[in-house]
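**Student:** Got a structure here, written out as structure tokens. Questions coming.
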Number of protein chains: 2
Amino acid sequence: MADARVLAADVGGTSLRVALVDARGRILARREARTPADGAAGLDRLASLWASLGTADGRAIAIAGAITREDGVLTQSPNLPGWEGLRPGAHVDASAVNDATAAATGEAWRGALRGVDAALLVTLGTGVGGGLVLGGRPWAGRHGAAGEVGHVTVWPDGPACPCGNRGCLERYASATAVAEAAGASDGVAAEQAARGGDAGAVAAFERAGEALGIVLAGVLALLDLEALAFSGGLAGALDLLRPTLEREIHARAFRLVARDVRIVRGALGDDAGLLGAARVALDAAGA
Amino acid sequence: MADARVLAADVGGTSLRVALVDARGRILARREARTPADGAAGLDRLASLWASLGTADGRAIAIAGAITREDGVLTQSPNLPGWEGLRPGAHVDASAVNDATAAATGEAWRGALRGVDAALLVTLGTGVGGGLVLGGRPWAGRHGAAGEVGHVTVWPDGPACPCGNRGCLERYASATAVAEAAGASDGVAAEQAARGGDAGAVAAFERAGEALGIVLAGVLALLDLEALAFSGGLAGALDLLRPTLEREIHARAFRLVARDVRIVRGALGDDAGLLGAARVALDAAGA
């Protein structure tokens, strides 16, 4: 079905975005709304936005939370507490996938990871998230909780994380953590300070890159990935993170794997999840 | 081909083992020899052992080293230096796969991981190795170097590892490391001392379990696996490792993932790699 069209949605804590997408990944039409706090109302809103875009050959939702493979229930969604316990896919007759997994899938289809068989997309925002593509397909795991690289331990005795762990990557490499370490109001201000030569801000990015490199070297030992991509607010500062990140990867990962891995910035911005959902819908439709 | 038969081989640093295996995983005949130091001679020896077992519908080799997916070259094989640079599969017209990946595949087919969609097999021997099964299939990565959980960092500033990294899991959880920490001659002596109540030996197993738990919690955050299996010389002491291992997993991994993950001992012993190779051969033959 080279002329297939699918309806995609990306449900985040703030915005609910939908689009009609063709089989080549072109967004033909799109709508956006504020995400309702109540999940059932939100899914009804999503369905009516989709209806306004016309009919399609398949549909899929990317959503900020963990979707259990077996029954499609949304179990862990800190940003959408009013949606937990629902089955978003069943509610609107669509496939459903974690948003970071969808974003990785989108980048692998139409973005910075095109042609890559196995990669991790790391999102550096308020928190640190991630999505995996393995063998060219999204890898979400049994509970839809895979790819959560932000909660891999860097320093076992490090600071407590709201997730319950200590020393999580997120405590060092989120925009929030970098801003705090730099004494800046947010990640953007921290980046500006570092670019202006502020020693504390430079050190905060160096430390974040080091933490990323330690964890990602472990990810490479485990999965022998071809590429690592970065998106989110702090990804624009990848050049500031890269020296210590690459230093740790080369010091810690196997030589051939470290030599060959591509480290890139995501190319699709906010559309990555939407396009990943479209790819999932196309696959489910056999298109 | 329910009546398919395949030839499998498992090439380790010491022994070269071959078998004729049926489609249900029964070993119909087997041969064993010392592994020749020279790879080309070794592969000729393997071919003649196979020939002595008769004809088959497919063949595959499990081998102690990394096999590059693209060209089948054996690149990193510390235990088989005289085999590096060869293309073992092409040499004997067979599929070739890393031995730990094969062992995980074997356990998923006929052993402790039957019915599991995604799991890591951890081998606790002289070193710490590992193999992954994801989506019911072996995951070896681009360089055939995936699953190397022994070289994931636990404590970033820990002791140097011959691999070039610092603080690798292998430095804490191999039989060698546990024996050294326990002041014992080897892993078996360390286990006996711990079972006899020797405080230093008990502490060595607790520390190894802690290191395993820290790393495996990270593996679960990344892959949301259904099971973790242990094989190798120290796997018989899994009960000594388990308290601290499980403590760290429950403290660090996501609640649902930690709750559901099965932690088991491998069931196939030395035949895991051979049976995994047989499964690979059957898949390649479409049987």
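Ordered as shown in the structure tokens, chains take letters A, B, and onward, while each chain numbers its residues from 1 and ligands are numbered from 1 in the order shown.
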If DSSP is run on the backbone, what residues of segment 2-107 of chain B are strand (DSSP E or B)? A reply as a PyMOL selection string would be ideal.
**Tutor:** chain B and resi 5-11+15-22+27-34+58-63+66-67+74-76+95-98
**Student:** Enumerate as an NGL selection string the residues belonging to chain A that approach chain B to within 9 Å, with only C-alpha atoms taken into account.
**Tutor:** :A and (75 or 117-118 or 130-132 or 134-135 or 139-156 or 163-166 or 168 or 214-215 or 217-226 or 251-254 or 256-257)
**Student:** What's the separation between atom CA of Gly54 of chain A and atom CA of Pro88 of chain A, in Å to one decimal place?
**Tutor:** 20.0 Å
**Student:** Report as a PyMOL selection string all protein, DNA and RNA residues lying within 10 Å of Leu240 of chain B, evaluated on only C-alpha atoms, omitting residues in the same chain fewer than 5 positions from it.
**Tutor:** chain B and resi 191+194-195+202-206+208-209+234-235+245
**Student:** Interatomic distance between atom CA of Asp22 of chain B and atom CA of Ala103 of chain B?
**Tutor:**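 The value is 17.1 Å.
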**Student:** Would you kindly return, as a list in words, each protein, DNA or RNA residue with an atom no farther than 10 Å from any atom of Gly85 of chain B, considering only C-alpha atoms and excluding same-chain residues fewer than 4 positions away?
**Tutor:**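 The residues that qualify are Gly39, Ile67, Gly72, Val73, Leu74, Thr75, Gln76, Ser77 and Pro81 of chain B.
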**Student:** For those residues, write C-alpha atoms to a file as an mmCIF file, in the first residue's frame.
**Tutor:**
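And here's result.cif as it stands now:
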data_model
loop_
_atom_site.group_PDB
_atom_site.id
_atom_site.type_symbol
_atom_site.label_atom_id
_atom_site.label_comp_id
_atom_site.auth_asym_id
_atom_site.auth_seq_id
_atom_site.Cartn_x
_atom_site.Cartn_y
_atom_site.Cartn_z
ATOM 1 C CA GLY B 39 42.004 -21.611 13.460
ATOM 2 C CA ILE B 67 31.445 -12.362 14.772
ATOM 3 C CA GLY B 72 31.190 -13.045 9.386
ATOM 4 C CA VAL B 73 34.756 -12.271 10.485
ATOM 5 C CA LEU B 74 35.818 -13.317 13.995
ATOM 6 C CA THR B 75 37.325 -10.116 15.401
ATOM 7 C CA GLN B 76 37.752 -10.345 19.169
ATOM 8 C CA SER B 77 38.490 -13.712 20.654
ATOM 9 C CA PRO B 81 43.751 -15.788 19.237
#
**Student:** Using only C-alpha atoms, which residue out of B:Leu16, B:Leu121, B:Ala285, B:Ala237 lies closest to Ala94 of chain B?
**Tutor:**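 Ranked by minimum distance to Ala94 of chain B, first place goes to B:Ala285.
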**Student:** Considering only alpha helix (DSSP H) as DSSP defines it on the backbone, what residues of segment 53-265 of chain A qualify? List them as a PyMOL selection string.
**Tutor:** chain A and resi 88-92+99-110+170-173+175-182+187-195+199-223+238-252+255-260
**Student:** Tell me which of B:Ala173, B:Ala23, B:Ala96, B:Ala287 sits closest to Glu70 of chain B, counting only C-alpha atoms.
**Tutor:**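 Among the listed residues, the smallest separation from Glu70 of chain B belongs to B:Ala96.
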**Student:** Identify, on the basis of only C-alpha atoms, every residue whose closest approach to Asp270 of chain B does not exceed 10 Å; exclude the query and any residue fewer than 4 positions from it along the same chain; express the result as a list in words.
**Tutor:**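 Non-adjacent residues within range: Asp10, Arg17, Ala103, Ser231, Gly232, Gly266, Leu274 and Leu275 of chain B.
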**Student:** Take atom CA of Val122 of chain A and atom CA of Gly187 of chain A and report the distance between them in Å, one decimal.
**Tutor:** 16.0 Å
**Student:** With only C-alpha atoms as the counted atoms, please give the residues lying no more than 9 Å from Ala64 of chain A, apart from itself and same-chain residues fewer than 4 positions off, as number ranges by chain.
**Tutor:** A: 10-13, 76-80, 97-100
**Student:** Name all residues at most 9 Å from Gly127 of chain A (count only C-alpha atoms; drop same-chain ones fewer than 5 positions away) and give them as a PDB file with N, CA, C and O atoms, in the first residue's frame.
**Tutor:**
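Okay, selection.pdb is ready:
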ATOM      1  N   GLY A 150      17.480   7.003  31.482  1.00  0.00           N
ATOM      2  CA  GLY A 150      17.624   8.021  32.527  1.00  0.00           C
ATOM      3  C   GLY A 150      17.652   7.440  33.922  1.00  0.00           C
ATOM      4  O   GLY A 150      18.123   8.094  34.863  1.00  0.00           O
ATOM      5  N   GLU A 170      19.665  10.491  35.104  1.00  0.00           N
ATOM      6  CA  GLU A 170      18.833  11.699  35.099  1.00  0.00           C
ATOM      7  C   GLU A 170      19.280  12.739  36.111  1.00  0.00           C
ATOM      8  O   GLU A 170      19.109  13.939  35.894  1.00  0.00           O
ATOM      9  N   ARG A 171      19.859  12.279  37.233  1.00  0.00           N
ATOM     10  CA  ARG A 171      20.329  13.210  38.267  1.00  0.00           C
ATOM     11  C   ARG A 171      21.530  14.026  37.806  1.00  0.00           C
ATOM     12  O   ARG A 171      21.906  14.994  38.468  1.00  0.00           O
ATOM     13  N   ALA A 173      22.295  14.405  34.063  1.00  0.00           N
ATOM     14  CA  ALA A 173      22.312  14.797  32.649  1.00  0.00           C
ATOM     15  C   ALA A 173      20.990  15.379  32.144  1.00  0.00           C
ATOM     16  O   ALA A 173      20.898  15.707  30.963  1.00  0.00           O
ATOM     17  N   SER A 174      19.994  15.538  33.007  1.00  0.00           N
ATOM     18  CA  SER A 174      18.780  16.229  32.552  1.00  0.00           C
ATOM     19  C   SER A 174      19.064  17.723  32.477  1.00  0.00           C
ATOM     20  O   SER A 174      20.016  18.224  33.082  1.00  0.00           O
ATOM     21  N   ALA A 175      18.221  18.442  31.743  1.00  0.00           N
ATOM     22  CA  ALA A 175      18.347  19.902  31.691  1.00  0.00           C
ATOM     23  C   ALA A 175      18.234  20.475  33.101  1.00  0.00           C
ATOM     24  O   ALA A 175      18.976  21.388  33.486  1.00  0.00           O
ATOM     25  N   THR A 176      17.348  19.890  33.890  1.00  0.00           N
ATOM     26  CA  THR A 176      17.148  20.317  35.275  1.00  0.00           C
ATOM     27  C   THR A 176      18.432  20.170  36.090  1.00  0.00           C
ATOM     28  O   THR A 176      18.834  21.091  36.810  1.00  0.00           O
ATOM     29  N   ALA A 177      19.058  18.995  35.980  1.00  0.00           N
ATOM     30  CA  ALA A 177      20.268  18.725  36.757  1.00  0.00           C
ATOM     31  C   ALA A 177      21.426  19.615  36.307  1.00  0.00           C
ATOM     32  O   ALA A 177      22.190  20.125  37.137  1.00  0.00           O
TER      33      ALA A 177
END
**Student:** With distances taken over only C-alpha atoms, which of B:Ala229, B:Leu86, B:Ala182, B:Ala160 is nearest to Asp38 of chain B?
**Tutor:** B:Leu86
